[in-house]
>>> print(open('run_23.cif').read())   # mmCIF, C-alpha atoms and all ligand atoms
data_upload
loop_
_atom_site.label_atom_id
_atom_site.label_comp_id
_atom_site.auth_asym_id
_atom_site.auth_seq_id
_atom_site.Cartn_x
_atom_site.Cartn_y
_atom_site.Cartn_z
CA MET P 1 -4.23 34.87 -38.27
CA THR P 2 -5.95 31.51 -38.40
CA GLU P 3 -9.48 32.81 -38.61
CA THR P 4 -11.70 30.42 -40.52
CA LYS P 5 -13.12 31.74 -43.72
CA LYS P 6 -16.52 33.33 -43.30
CA GLU P 7 -19.37 31.28 -44.64
CA ARG P 8 -21.38 33.51 -46.92
CA ILE P 9 -25.06 33.36 -47.64
CA ASP P 10 -25.84 33.33 -51.35
CA ILE P 11 -28.06 36.37 -51.77
CA HIS P 12 -29.85 35.03 -54.83
CA SER P 13 -31.03 31.82 -53.25
CA TYR P 14 -31.71 33.69 -49.98
CA LEU P 15 -34.13 36.01 -51.77
CA ALA P 16 -35.58 33.45 -54.17
CA ALA P 17 -36.65 31.18 -51.31
CA PHE P 18 -39.06 33.84 -50.02
CA ASP P 19 -41.29 33.33 -53.06
CA ASP P 20 -41.88 29.76 -51.93
CA ILE P 21 -43.90 30.75 -48.86
CA PRO P 22 -47.63 30.61 -49.55
CA GLY P 23 -49.74 33.73 -48.95
CA THR P 24 -46.78 35.80 -47.80
CA ARG P 25 -44.91 38.74 -49.28
CA VAL P 26 -41.59 39.28 -47.57
CA PHE P 27 -40.62 42.95 -47.39
CA THR P 28 -37.48 42.74 -49.48
CA ALA P 29 -35.49 45.65 -50.90
CA GLN P 30 -37.34 45.16 -54.17
CA ARG P 31 -40.71 45.64 -52.46
CA ALA P 32 -39.37 48.47 -50.32
CA ARG P 33 -38.24 50.34 -53.43
CA LYS P 34 -41.53 49.78 -55.21
CA GLY P 35 -43.52 50.91 -52.20
CA TYR P 36 -41.35 53.85 -51.17
CA HIS P 37 -43.90 56.59 -51.88
CA LEU P 38 -46.88 54.55 -50.70
CA ASN P 39 -45.15 53.84 -47.41
CA GLN P 40 -44.07 57.44 -47.00
CA PHE P 41 -47.66 58.52 -47.61
CA ALA P 42 -48.73 56.20 -44.80
CA MET P 43 -46.05 57.66 -42.52
CA SER P 44 -47.43 61.13 -43.12
CA LEU P 45 -50.56 60.04 -41.23
CA MET P 46 -48.58 60.12 -38.00
CA LYS P 47 -49.52 63.80 -37.79
CA GLU P 48 -52.99 64.78 -36.68
CA GLU P 49 -53.26 67.64 -39.19
CA ASN P 50 -52.44 65.26 -42.05
CA ARG P 51 -54.97 62.71 -40.86
CA LYS P 52 -57.62 65.43 -40.90
CA ARG P 53 -56.66 66.60 -44.35
CA PHE P 54 -56.55 63.04 -45.68
CA LEU P 55 -59.97 62.11 -44.30
CA ALA P 56 -61.50 65.34 -45.61
CA ASP P 57 -60.48 64.57 -49.20
CA GLU P 58 -58.63 61.28 -49.61
CA SER P 59 -58.21 61.48 -53.36
CA ALA P 60 -56.76 65.00 -53.29
CA TYR P 61 -54.39 64.10 -50.45
CA LEU P 62 -53.19 61.02 -52.34
CA ASP P 63 -52.54 63.13 -55.43
CA GLU P 64 -49.85 64.95 -53.46
CA TRP P 65 -47.88 61.69 -53.42
CA ASP P 66 -45.97 60.14 -56.27
CA ILE P 67 -47.81 56.83 -56.12
CA THR P 68 -49.14 54.63 -58.92
CA PRO P 69 -52.84 54.69 -59.83
CA ALA P 70 -53.04 51.09 -58.60
CA ALA P 71 -51.61 52.08 -55.22
CA LYS P 72 -53.97 55.03 -55.01
CA GLN P 73 -56.97 52.83 -55.77
CA ALA P 74 -55.83 50.24 -53.25
CA VAL P 75 -55.69 52.93 -50.54
CA LEU P 76 -59.11 54.30 -51.46
CA ASP P 77 -60.52 50.76 -51.39
CA ARG P 78 -58.64 49.93 -48.16
CA ASN P 79 -57.50 46.83 -49.99
CA TYR P 80 -54.51 45.83 -47.87
CA ASN P 81 -53.46 42.91 -50.03
CA ALA P 82 -53.37 45.21 -53.05
CA MET P 83 -51.39 47.80 -51.08
CA ILE P 84 -48.85 45.14 -50.14
CA ASP P 85 -48.64 44.11 -53.79
CA GLU P 86 -47.78 47.74 -54.50
CA GLY P 87 -44.86 47.53 -52.09
CA GLY P 88 -46.68 48.54 -48.93
CA ASN P 89 -45.56 47.17 -45.60
CA VAL P 90 -48.02 46.41 -42.84
CA TYR P 91 -46.20 48.49 -40.21
CA PHE P 92 -46.29 51.52 -42.48
CA LEU P 93 -49.86 50.80 -43.52
CA SER P 94 -50.80 50.58 -39.84
CA LYS P 95 -50.85 54.38 -39.85
CA LEU P 96 -53.66 54.17 -42.39
CA PHE P 97 -55.82 51.67 -40.52
CA SER P 98 -55.11 53.48 -37.25
CA THR P 99 -56.37 56.64 -38.89
CA ASP P 100 -59.54 54.67 -39.64
CA GLY P 101 -59.69 53.59 -35.99
CA LYS P 102 -59.01 49.98 -36.97
CA SER P 103 -56.72 47.44 -35.32
CA PHE P 104 -53.96 45.16 -36.57
CA GLN P 105 -56.41 42.30 -36.16
CA PHE P 106 -58.87 44.02 -38.46
CA ALA P 107 -56.23 44.67 -41.12
CA ALA P 108 -54.73 41.19 -40.90
CA GLY P 109 -58.15 39.58 -41.00
CA SER P 110 -59.14 41.64 -44.03
CA MET P 111 -56.29 40.08 -46.01
CA THR P 112 -57.36 36.48 -45.46
CA GLY P 113 -60.68 36.38 -47.32
CA MET P 114 -62.40 35.54 -44.02
CA THR P 115 -64.95 37.70 -42.26
CA GLN P 116 -63.75 39.54 -39.17
CA GLU P 117 -65.76 37.14 -37.00
CA GLU P 118 -64.31 34.06 -38.70
CA TYR P 119 -60.79 35.42 -38.38
CA ALA P 120 -61.19 36.31 -34.71
CA GLN P 121 -62.62 32.85 -34.03
CA MET P 122 -59.74 31.18 -35.87
CA MET P 123 -57.30 33.05 -33.60
CA ILE P 124 -59.18 32.04 -30.45
CA ASP P 125 -59.10 28.45 -31.71
CA GLY P 126 -55.31 28.57 -31.83
CA GLY P 127 -54.62 30.47 -35.03
CA ARG P 128 -53.83 29.25 -38.52
CA SER P 129 -51.90 26.00 -38.48
CA PRO P 130 -48.57 26.06 -40.33
CA GLU P 131 -49.49 22.64 -41.72
CA GLY P 132 -49.40 22.77 -45.52
CA VAL P 133 -48.58 26.50 -45.72
CA ARG P 134 -44.83 26.43 -45.14
CA SER P 135 -43.70 25.81 -48.69
CA ILE P 136 -45.39 25.86 -52.06
CA LYS P 137 -42.87 23.58 -53.75
CA GLU P 138 -42.62 21.05 -51.02
CA GLY P 139 -46.26 21.24 -49.98
CA TYR P 140 -45.77 20.78 -46.24
CA MET T 1 -19.46 47.71 -11.57
CA ALA T 2 -22.60 47.47 -13.60
CA ARG T 3 -23.85 43.97 -14.38
CA VAL T 4 -26.55 42.32 -16.44
CA THR T 5 -28.59 40.56 -13.78
CA THR T 6 -31.66 39.58 -15.72
CA GLY T 7 -33.10 38.97 -19.15
CA ILE T 8 -36.80 39.39 -19.74
CA THR T 9 -38.78 38.71 -22.88
CA SER T 10 -42.17 40.11 -23.64
CA SER T 11 -44.64 40.59 -26.40
CA HIS T 12 -45.06 44.22 -27.36
CA ILE T 13 -48.28 44.18 -29.38
CA PRO T 14 -50.26 47.42 -29.41
CA ALA T 15 -53.51 45.64 -28.50
CA LEU T 16 -52.11 45.07 -24.99
CA GLY T 17 -51.69 48.81 -24.57
CA ALA T 18 -55.17 49.35 -25.97
CA ALA T 19 -56.61 46.85 -23.48
CA MET T 20 -55.10 48.83 -20.59
CA GLN T 21 -56.27 52.11 -22.04
CA THR T 22 -59.84 50.93 -22.54
CA GLY T 23 -60.04 49.18 -19.19
CA THR T 24 -60.63 45.77 -20.78
CA SER T 25 -57.57 44.06 -19.33
CA ASN T 26 -59.81 42.07 -16.97
CA ASN T 27 -62.26 40.74 -19.50
CA ASP T 28 -62.46 37.14 -20.65
CA TYR T 29 -60.22 37.77 -23.61
CA TRP T 30 -57.40 39.78 -22.02
CA GLY T 31 -57.73 38.64 -18.41
CA PRO T 32 -55.56 35.51 -18.77
CA VAL T 33 -52.84 37.51 -20.55
CA PHE T 34 -52.58 40.11 -17.82
CA LYS T 35 -52.81 37.38 -15.17
CA GLY T 36 -49.82 35.67 -16.76
CA TYR T 37 -47.80 38.88 -16.40
CA GLU T 38 -48.83 39.39 -12.76
CA PRO T 39 -46.02 37.19 -11.34
CA ILE T 40 -43.43 39.16 -13.36
CA LYS T 41 -44.81 42.46 -12.05
CA GLU T 42 -44.71 41.09 -8.50
CA TRP T 43 -41.21 39.70 -8.95
CA LEU T 44 -39.95 43.08 -10.16
CA LYS T 45 -41.21 44.67 -6.94
CA GLN T 46 -39.15 42.34 -4.73
CA PRO T 47 -35.97 43.80 -3.20
CA GLY T 48 -33.05 43.66 -5.59
CA ASN T 49 -35.08 42.81 -8.65
CA MET T 50 -36.01 46.26 -9.89
CA PRO T 51 -33.45 47.28 -12.52
CA ASP T 52 -31.66 50.60 -12.43
CA VAL T 53 -31.55 50.51 -16.22
CA VAL T 54 -33.22 48.38 -18.88
CA VAL T 55 -31.58 47.95 -22.26
CA LEU T 56 -34.82 47.48 -24.13
CA VAL T 57 -34.40 45.65 -27.43
CA TYR T 58 -37.35 46.13 -29.75
CA ASN T 59 -38.09 46.98 -33.32
CA ASP T 60 -39.36 50.31 -34.46
CA HIS T 61 -42.55 49.71 -36.44
CA ALA T 62 -42.11 52.50 -38.97
CA SER T 63 -42.37 55.22 -36.33
CA ALA T 64 -38.96 56.75 -35.60
CA PHE T 65 -37.58 55.37 -38.84
CA ASP T 66 -39.35 55.69 -42.15
CA MET T 67 -38.20 54.46 -45.56
CA ASN T 68 -35.44 57.08 -45.58
CA ILE T 69 -33.31 55.69 -42.77
CA ILE T 70 -33.11 52.01 -41.91
CA PRO T 71 -30.47 51.29 -39.24
CA THR T 72 -29.90 47.63 -38.46
CA PHE T 73 -28.93 48.32 -34.84
CA ALA T 74 -29.55 51.66 -33.14
CA ILE T 75 -29.18 52.84 -29.56
CA GLY T 76 -31.01 55.68 -27.86
CA CYS T 77 -28.48 57.95 -26.16
CA ALA T 78 -30.84 60.85 -25.40
CA GLU T 79 -31.95 62.09 -21.97
CA SER T 80 -35.54 61.13 -22.76
CA PHE T 81 -37.79 59.73 -25.47
CA LYS T 82 -41.39 60.65 -26.25
CA PRO T 83 -44.09 58.10 -27.11
CA ALA T 84 -44.64 58.19 -30.89
CA ASP T 85 -47.92 59.09 -32.58
CA GLU T 86 -48.58 55.94 -34.59
CA GLY T 87 -51.77 57.15 -36.17
CA TRP T 88 -54.10 57.24 -33.18
CA GLY T 89 -52.23 59.83 -31.09
CA PRO T 90 -49.29 59.00 -28.79
CA ARG T 91 -49.87 56.28 -26.16
CA PRO T 92 -50.79 58.09 -22.92
CA VAL T 93 -47.75 56.87 -21.02
CA PRO T 94 -44.84 58.67 -19.39
CA ASP T 95 -41.80 59.73 -21.39
CA VAL T 96 -39.07 57.13 -21.38
CA ILE T 97 -36.11 58.43 -19.39
CA GLY T 98 -32.76 57.35 -20.78
CA HIS T 99 -29.36 56.82 -19.24
CA PRO T 100 -27.06 58.73 -21.61
CA ASP T 101 -23.86 57.89 -19.71
CA LEU T 102 -24.43 54.16 -19.93
CA ALA T 103 -25.94 54.37 -23.41
CA TRP T 104 -22.94 56.22 -24.81
CA HIS T 105 -20.63 53.84 -23.01
CA ILE T 106 -22.41 50.86 -24.57
CA ALA T 107 -22.46 52.54 -28.00
CA GLN T 108 -18.71 53.19 -27.92
CA SER T 109 -17.92 49.73 -26.58
CA LEU T 110 -20.04 48.05 -29.22
CA ILE T 111 -18.36 49.96 -32.02
CA LEU T 112 -14.95 48.96 -30.67
CA ASP T 113 -16.32 45.42 -30.61
CA ASP T 114 -17.11 45.62 -34.35
CA PHE T 115 -20.83 46.43 -34.06
CA ASP T 116 -21.36 49.59 -36.08
CA MET T 117 -24.13 51.24 -34.10
CA THR T 118 -26.40 54.05 -35.16
CA ILE T 119 -26.58 56.58 -32.34
CA MET T 120 -29.92 58.27 -31.73
CA ASN T 121 -29.88 61.57 -29.86
CA GLN T 122 -33.47 62.27 -30.68
CA MET T 123 -36.05 59.56 -31.18
CA ASP T 124 -39.69 58.86 -30.45
CA VAL T 125 -40.43 55.38 -29.15
CA ASP T 126 -43.39 53.35 -30.39
CA HIS T 127 -45.44 50.50 -28.93
CA GLY T 128 -42.46 48.16 -29.37
CA CYS T 129 -40.74 49.99 -26.53
CA THR T 130 -43.61 51.32 -24.40
CA VAL T 131 -45.97 48.32 -24.34
CA PRO T 132 -43.46 46.05 -22.54
CA LEU T 133 -42.94 48.84 -19.98
CA SER T 134 -46.68 49.02 -19.42
CA MET T 135 -46.93 45.25 -19.09
CA MET T 136 -44.14 45.15 -16.49
CA PHE T 137 -44.83 48.32 -14.55
CA GLY T 138 -48.55 49.01 -15.06
CA GLU T 139 -49.67 52.62 -15.27
CA PRO T 140 -47.35 54.74 -13.09
CA SER T 141 -46.99 58.49 -13.54
CA GLU T 142 -43.34 57.88 -14.33
CA TRP T 143 -41.43 54.70 -15.20
CA PRO T 144 -39.60 53.26 -12.18
CA CYS T 145 -36.26 52.87 -13.97
CA LYS T 146 -34.13 54.29 -16.73
CA VAL T 147 -34.46 52.77 -20.18
CA ILE T 148 -32.03 52.60 -23.08
CA PRO T 149 -34.13 51.99 -26.21
CA PHE T 150 -32.35 49.64 -28.59
CA PRO T 151 -34.18 49.38 -31.92
CA VAL T 152 -33.33 46.57 -34.34
CA ASN T 153 -34.48 46.43 -37.94
CA VAL T 154 -36.65 43.37 -38.47
CA VAL T 155 -38.97 45.05 -40.98
CA THR T 156 -36.96 45.58 -44.17
CA TYR T 157 -35.08 42.50 -45.35
CA PRO T 158 -32.58 41.36 -44.55
CA PRO T 159 -32.78 41.78 -40.78
CA PRO T 160 -29.66 40.79 -38.83
CA SER T 161 -29.02 37.06 -38.48
CA GLY T 162 -29.77 35.24 -35.27
CA ARG T 163 -26.04 34.66 -34.89
CA ARG T 164 -25.29 38.37 -35.20
CA CYS T 165 -27.94 39.15 -32.60
CA PHE T 166 -26.63 36.55 -30.20
CA ASN T 167 -23.08 37.88 -30.52
CA LEU T 168 -24.33 41.43 -30.09
CA GLY T 169 -25.87 40.39 -26.77
CA ASP T 170 -22.51 39.07 -25.64
CA SER T 171 -20.92 42.41 -26.53
CA ILE T 172 -23.63 44.31 -24.65
CA LYS T 173 -22.84 42.19 -21.60
CA ALA T 174 -19.15 43.04 -21.85
CA ALA T 175 -19.97 46.72 -22.36
CA VAL T 176 -22.21 46.84 -19.29
CA GLU T 177 -19.61 45.04 -17.18
CA SER T 178 -16.99 47.65 -18.04
CA PHE T 179 -19.18 50.52 -16.85
CA PRO T 180 -17.76 51.72 -13.50
CA GLU T 181 -21.02 52.60 -11.74
CA ASP T 182 -22.78 49.97 -9.67
CA LEU T 183 -25.94 49.34 -11.65
CA ASN T 184 -28.46 46.54 -11.91
CA VAL T 185 -29.02 46.27 -15.65
CA HIS T 186 -31.69 44.23 -17.38
CA VAL T 187 -31.71 43.35 -21.05
CA TRP T 188 -35.20 42.83 -22.43
CA GLY T 189 -35.92 41.15 -25.74
CA THR T 190 -39.35 41.96 -27.06
CA GLY T 191 -41.70 40.99 -29.86
CA GLY T 192 -42.86 37.64 -31.15
CA MET T 193 -43.72 34.90 -30.81
CA SER T 194 -45.18 33.25 -33.91
CA HIS T 195 -47.44 35.61 -35.86
CA GLN T 196 -48.18 36.85 -39.34
CA LEU T 197 -49.95 40.15 -39.97
CA GLN T 198 -50.21 40.15 -43.75
CA GLY T 199 -51.51 38.28 -46.73
CA PRO T 200 -53.77 35.25 -47.04
CA ARG T 201 -51.59 33.38 -44.53
CA ALA T 202 -52.21 36.00 -41.79
CA GLY T 203 -53.05 34.54 -38.41
CA LEU T 204 -50.42 31.84 -38.46
CA ILE T 205 -49.52 30.49 -35.02
CA ASN T 206 -47.06 27.68 -34.38
CA LYS T 207 -47.15 26.49 -30.80
CA GLU T 208 -44.69 23.67 -31.38
CA PHE T 209 -42.15 26.06 -32.86
CA ASP T 210 -42.62 28.59 -30.06
CA LEU T 211 -42.22 26.12 -27.21
CA LYS T 212 -39.12 24.62 -28.80
CA PHE T 213 -37.78 28.14 -29.32
CA ILE T 214 -38.22 28.92 -25.62
CA ASP T 215 -36.55 25.66 -24.66
CA ASP T 216 -33.59 26.25 -26.98
CA LEU T 217 -33.31 29.87 -25.90
CA ILE T 218 -32.79 28.66 -22.35
CA ASN T 219 -30.69 25.57 -22.98
CA ASP T 220 -29.09 25.69 -26.40
CA PRO T 221 -28.93 29.28 -27.66
CA GLU T 222 -25.72 28.65 -29.66
CA HIS T 223 -27.56 26.22 -31.86
CA LEU T 224 -30.73 28.31 -31.92
CA SER T 225 -28.77 31.30 -33.14
CA LEU T 226 -27.96 29.43 -36.37
CA LYS T 227 -31.62 29.23 -37.41
CA PRO T 228 -31.93 30.89 -40.84
CA HIS T 229 -34.46 33.63 -41.56
CA LEU T 230 -36.31 31.34 -43.93
CA GLU T 231 -37.17 28.98 -41.11
CA TYR T 232 -38.64 31.78 -39.00
CA LEU T 233 -40.69 32.88 -42.01
CA ARG T 234 -41.98 29.43 -42.82
CA GLU T 235 -42.58 28.23 -39.29
CA ALA T 236 -43.32 31.33 -37.20
CA GLY T 237 -44.97 33.63 -39.75
CA SER T 238 -43.63 36.71 -41.46
CA GLU T 239 -43.62 38.77 -38.25
CA GLY T 240 -42.25 35.90 -36.14
CA ILE T 241 -38.82 37.10 -37.27
CA GLU T 242 -39.01 39.52 -34.32
CA LEU T 243 -37.79 36.57 -32.26
CA VAL T 244 -34.20 37.18 -33.37
CA MET T 245 -34.30 40.06 -30.89
CA TRP T 246 -34.72 37.58 -28.04
CA LEU T 247 -31.29 36.24 -28.97
CA ILE T 248 -29.76 39.64 -28.16
CA MET T 249 -31.21 39.35 -24.67
CA ARG T 250 -30.00 35.76 -24.36
CA GLY T 251 -26.51 36.61 -25.57
CA ALA T 252 -26.23 39.16 -22.76
CA LEU T 253 -26.75 36.52 -20.07
CA GLY T 254 -23.71 34.30 -20.63
CA ASP T 255 -23.45 30.56 -21.15
CA LYS T 256 -25.87 29.12 -18.64
CA VAL T 257 -29.12 30.60 -17.42
CA ARG T 258 -31.86 29.65 -15.01
CA ASP T 259 -35.43 30.13 -16.20
CA LEU T 260 -37.28 31.76 -13.34
CA TYR T 261 -40.58 32.08 -15.14
CA THR T 262 -42.15 31.19 -18.48
CA PHE T 263 -45.56 32.35 -19.65
CA TYR T 264 -47.04 31.33 -22.99
CA HIS T 265 -50.47 32.30 -24.28
CA ILE T 266 -52.48 31.91 -27.50
CA PRO T 267 -53.85 34.23 -28.84
CA ALA T 268 -53.17 37.85 -28.04
CA SER T 269 -54.90 39.41 -31.01
CA ASN T 270 -52.91 37.97 -33.98
CA THR T 271 -50.01 36.59 -31.99
CA ALA T 272 -48.75 33.91 -29.69
CA LEU T 273 -47.31 35.62 -26.65
CA GLY T 274 -44.28 34.59 -24.63
CA ALA T 275 -42.93 36.27 -21.49
CA LEU T 276 -39.89 34.96 -19.64
CA ILE T 277 -37.58 35.85 -16.79
CA LEU T 278 -34.07 34.45 -17.14
CA GLN T 279 -30.99 35.03 -15.00
CA PRO T 280 -27.34 34.04 -15.39
CA GLU T 281 -26.84 30.73 -13.61
CA GLU T 282 -24.09 32.00 -11.26
CA THR T 283 -26.22 34.76 -9.79
CA ALA T 284 -29.72 33.41 -10.39
CA GLY T 285 -32.49 33.76 -7.85
CA GLU T 286 -35.20 31.24 -7.02
CA PRO T 287 -37.67 30.24 -9.72
CA LEU T 288 -41.19 31.51 -9.29
CA ASN T 289 -44.02 29.25 -8.26
CA PRO T 290 -45.53 28.20 -10.59
CA ARG T 291 -42.50 28.30 -12.82
CA LYS T 292 -44.38 27.70 -16.07
CA VAL T 293 -47.78 29.06 -16.98
CA MET T 294 -49.69 28.29 -20.16
CA SER T 295 -53.06 29.78 -20.91
CA GLY T 296 -55.65 30.30 -23.60
CA HIS T 297 -55.54 27.92 -26.50
CA SER T 298 -51.97 26.92 -25.68
CA LEU T 299 -53.51 24.43 -23.22
CA ALA T 300 -55.39 22.56 -25.92
CA THR T 301 -53.94 19.20 -26.83
CA ALA T 302 -52.51 18.97 -30.32
FE FE P 401 -43.64 44.07 -33.21
#
>>> encode(input="run_23.cif", output="structure tokens")
Amino acid sequence: MTETKKERIDIHSYLAAFDDIPGTRVFTAQRARKGYHLNQFAMSLMKEENRKRFLADESAYLDEWDITPAAKQAVLDRNYNAMIDEGGNVYFLSKLFSTDGKSFQFAAGSMTGMTQEEYAQMMIDGGRSPEGVRSIKEGY
Amino acid sequence: MARVTTGITSSHIPALGAAMQTGTSNNDYWGPVFKGYEPIKEWLKQPGNMPDVVVLVYNDHASAFDMNIIPTFAIGCAESFKPADEGWGPRPVPDVIGHPDLAWHIAQSLILDDFDMTIMNQMDVDHGCTVPLSMMFGEPSEWPCKVIPFPVNVVTYPPPSGRRCFNLGDSIKAAVESFPEDLNVHVWGTGGMSHQLQGPRAGLINKEFDLKFIDDLINDPEHLSLKPHLEYLREAGSEGIELVMWLIMRGALGDKVRDLYTFYHIPASNTALGALILQPEETAGEPLNPRKVMSGHSLATA
């Protein structure tokens, strides 16, 4: 056996580096744990009967889930940045904006502080440049 | 003997499916995207090009898998798979018909090759799987080939490394080649290219990164496979990480490939879109004419 020793990734620096990306929350285990109930709530909207029940009384439906008051408020406000801060993930939350009849572009745009028109135009003009938004520390 | 004849990459964004459903695929916005796929659709109709089976690598977007089960690599071994209801009702497309014999054969072979697969005997498939089928085959009443859905976790960190994906592709190739039936098998890698769907940085597109990625995928995949997750995140946006799935496709094609067709377009909704046809050099067909198509904002000079 002359197999070379496996090069291991240091998990601490692997995870820490994610905090250096501007305007981005990487869906790490820590976020996944925090957002477990919020994300499972969103998954429940994959059923038509649940969508109906949710839309009929959002607050009551949310009370059936073990989510924080902040997460509940974020859902009621359709504040996607706040939901992501509460551990939400956009693919889970897509069940919520789909229930509202909204698209990924709508949800993504709503998180940028731009109007929907401005965001759509930015995309048509080639999207957001990576210039200056790759790293906070290194500013490039 | 079964063989992997072709690798195809495609975007799988739901907006493409919506454009077909709402009859807007010819408008100014979507027209160029669907036009860029036209040569692939035509190519697939030529004799010998239609696969018997597609191993369709995609990521489940919180549809079949919720927060309770997060398999890194899974393989659909069922007879058929229903389109998932992702919040707006299931996509109105045919059920995906599997190939359980080949799927189980691949699953067993991969496990013997040290890839610990999750085997799915019941699974709904979301836009990640069905949108590429729609883009390649249009709107038939049933899909023209069998499909083995192959979901990869790229949602909850850490996703598999590029290296792991590339090696997995190589093992899929070996598994297919040891299947006794004579089958034309495609491996499709879907998702990407650069895009970010969340946070104040949403809307990120990196044309330079994407074009280099395509070039390296064709010519230097060994090196490309070493790219760390952090670089995808910084350069290609938080959802650009889907591109590691293209390395599974590439790994299944062997050392040298010929690029028959490359299509790159900015923007499709929030994303930069790339669609390629690659074949192993030894058995490659003729490149399409034109061989490379860019459209939308990708044509603008930097
Ligand atoms: Fe995706």
>>> closest_atom_pairs(input="run_23.cif", of="chain P", to="chain T", cutoff="8 Å", atoms="all atoms listed in the file", output="Markdown table")
| residue | atom | partner | partner_atom | distance |
| --- | --- | --- | --- | --- |
| P:Tyr14 | CA | T:Leu230 | CA | 8.0 |
| P:Ala17 | CA | T:Leu230 | CA | 7.4 |
| P:Phe18 | CA | T:Leu230 | CA | 7.1 |
| P:Ile21 | CA | T:Arg234 | CA | 6.5 |
| P:Pro22 | CA | T:Arg201 | CA | 7.0 |
| P:Gly23 | CA | T:Pro200 | CA | 4.7 |
| P:Thr24 | CA | T:Gly199 | CA | 5.4 |
| P:Arg25 | CA | T:Gly199 | CA | 7.1 |
| P:Val26 | CA | T:Ser238 | CA | 6.9 |
| P:Phe27 | CA | T:Thr156 | CA | 5.5 |
| P:Thr28 | CA | T:Tyr157 | CA | 4.8 |
| P:Ala29 | CA | T:Tyr157 | CA | 6.4 |
| P:Ala32 | CA | T:Thr156 | CA | 7.2 |
| P:Tyr36 | CA | T:Met67 | CA | 6.5 |
| P:Asn39 | CA | T:Met67 | CA | 7.2 |
| P:Gln40 | CA | T:Met67 | CA | 6.7 |
| P:Met43 | CA | T:Asp66 | CA | 7.0 |
| P:Leu45 | CA | T:Gly87 | CA | 6.0 |
| P:Met46 | CA | T:Gly87 | CA | 4.7 |
| P:Lys47 | CA | T:Asp85 | CA | 7.2 |
| P:Glu48 | CA | T:Gly89 | CA | 7.5 |
| P:Arg51 | CA | T:Gly87 | CA | 7.9 |
| P:Asn81 | CA | T:Gly199 | CA | 6.0 |
| P:Val90 | CA | T:Gln198 | CA | 6.7 |
| P:Tyr91 | CA | T:His61 | CA | 5.4 |
| P:Phe92 | CA | T:Ala62 | CA | 5.5 |
| P:Ser94 | CA | T:Gly87 | CA | 7.6 |
| P:Lys95 | CA | T:Gly87 | CA | 4.7 |
| P:Leu96 | CA | T:Gly87 | CA | 7.2 |
| P:Ser98 | CA | T:Gly87 | CA | 5.1 |
| P:Thr99 | CA | T:Gly87 | CA | 5.4 |
| P:Gly101 | CA | T:Trp88 | CA | 7.2 |
| P:Ser103 | CA | T:Ala15 | CA | 7.7 |
| P:Phe104 | CA | T:Leu197 | CA | 7.3 |
| P:Gln105 | CA | T:Asn270 | CA | 6.0 |
| P:Ala107 | CA | T:Leu197 | CA | 7.8 |
| P:Ala108 | CA | T:Leu197 | CA | 5.0 |
| P:Gly109 | CA | T:Ala202 | CA | 7.0 |
| P:Met111 | CA | T:Gly199 | CA | 5.2 |
| P:Thr112 | CA | T:Pro200 | CA | 4.1 |
| P:Gly113 | CA | T:Pro200 | CA | 7.0 |
| P:Tyr119 | CA | T:Gly203 | CA | 7.8 |
| P:Ala120 | CA | T:Ser269 | CA | 7.9 |
| P:Met122 | CA | T:Gly203 | CA | 7.9 |
| P:Met123 | CA | T:Pro267 | CA | 6.0 |
| P:Ile124 | CA | T:Pro267 | CA | 6.0 |
| P:Asp125 | CA | T:His297 | CA | 6.3 |
| P:Gly126 | CA | T:His297 | CA | 5.4 |
| P:Gly127 | CA | T:Ile205 | CA | 5.1 |
| P:Arg128 | CA | T:Leu204 | CA | 4.3 |
| P:Ser129 | CA | T:Leu204 | CA | 6.0 |
| P:Pro130 | CA | T:Asn206 | CA | 6.3 |
| P:Val133 | CA | T:Arg201 | CA | 7.6 |
| P:Arg134 | CA | T:Arg234 | CA | 4.7 |
| P:Ser135 | CA | T:Arg234 | CA | 7.1 |
>>> atom_distance(input="run_23.cif", atom1="CA of Lys82 in chain T", atom2="CA of Val125 in chain T")
6.1 Å
>>> residues_near_ligand(input="run_23.cif", ligand="ligand FE 401 (chain P)", cutoff="8 Å", atoms="only C-alpha atoms and all ligand atoms", output="MDAnalysis selection string")
chainID T and resid 11:13 58:61 127:128 190:192 239 242
>>> closest_residue(input="run_23.cif", among="T:Leu243, T:Ile218, T:Ile40, T:Ala103", to="Lys256 in chain T", atoms="all atoms listed in the file")
T:Ile218
>>> residues_near_point(input="run_23.cif", point="(-56.4, 36.8, -15.3)", cutoff="12 Å", atoms="all atoms listed in the file", output="MDAnalysis selection string")
chainID T and resid 24:39 265 293:296
>>> write_last_selection(input="run_23.cif", atoms="C-alpha atoms", output="compact mmCIF listing (two decimals), keeping the file's coordinate frame")
# COMPACT_ATOMS: atom_id res chain seq x y z
CA THR T 24 -60.63 45.77 -20.78
CA SER T 25 -57.57 44.06 -19.33
CA ASN T 26 -59.81 42.07 -16.97
CA ASN T 27 -62.26 40.74 -19.50
CA ASP T 28 -62.46 37.14 -20.65
CA TYR T 29 -60.22 37.77 -23.61
CA TRP T 30 -57.40 39.78 -22.02
CA GLY T 31 -57.73 38.64 -18.41
CA PRO T 32 -55.56 35.51 -18.77
CA VAL T 33 -52.84 37.51 -20.55
CA PHE T 34 -52.58 40.11 -17.82
CA LYS T 35 -52.81 37.38 -15.17
CA GLY T 36 -49.82 35.67 -16.76
CA TYR T 37 -47.80 38.88 -16.40
CA GLU T 38 -48.83 39.39 -12.76
CA PRO T 39 -46.02 37.19 -11.34
CA HIS T 265 -50.47 32.30 -24.28
CA VAL T 293 -47.78 29.06 -16.98
CA MET T 294 -49.69 28.29 -20.16
CA SER T 295 -53.06 29.78 -20.91
CA GLY T 296 -55.65 30.30 -23.60
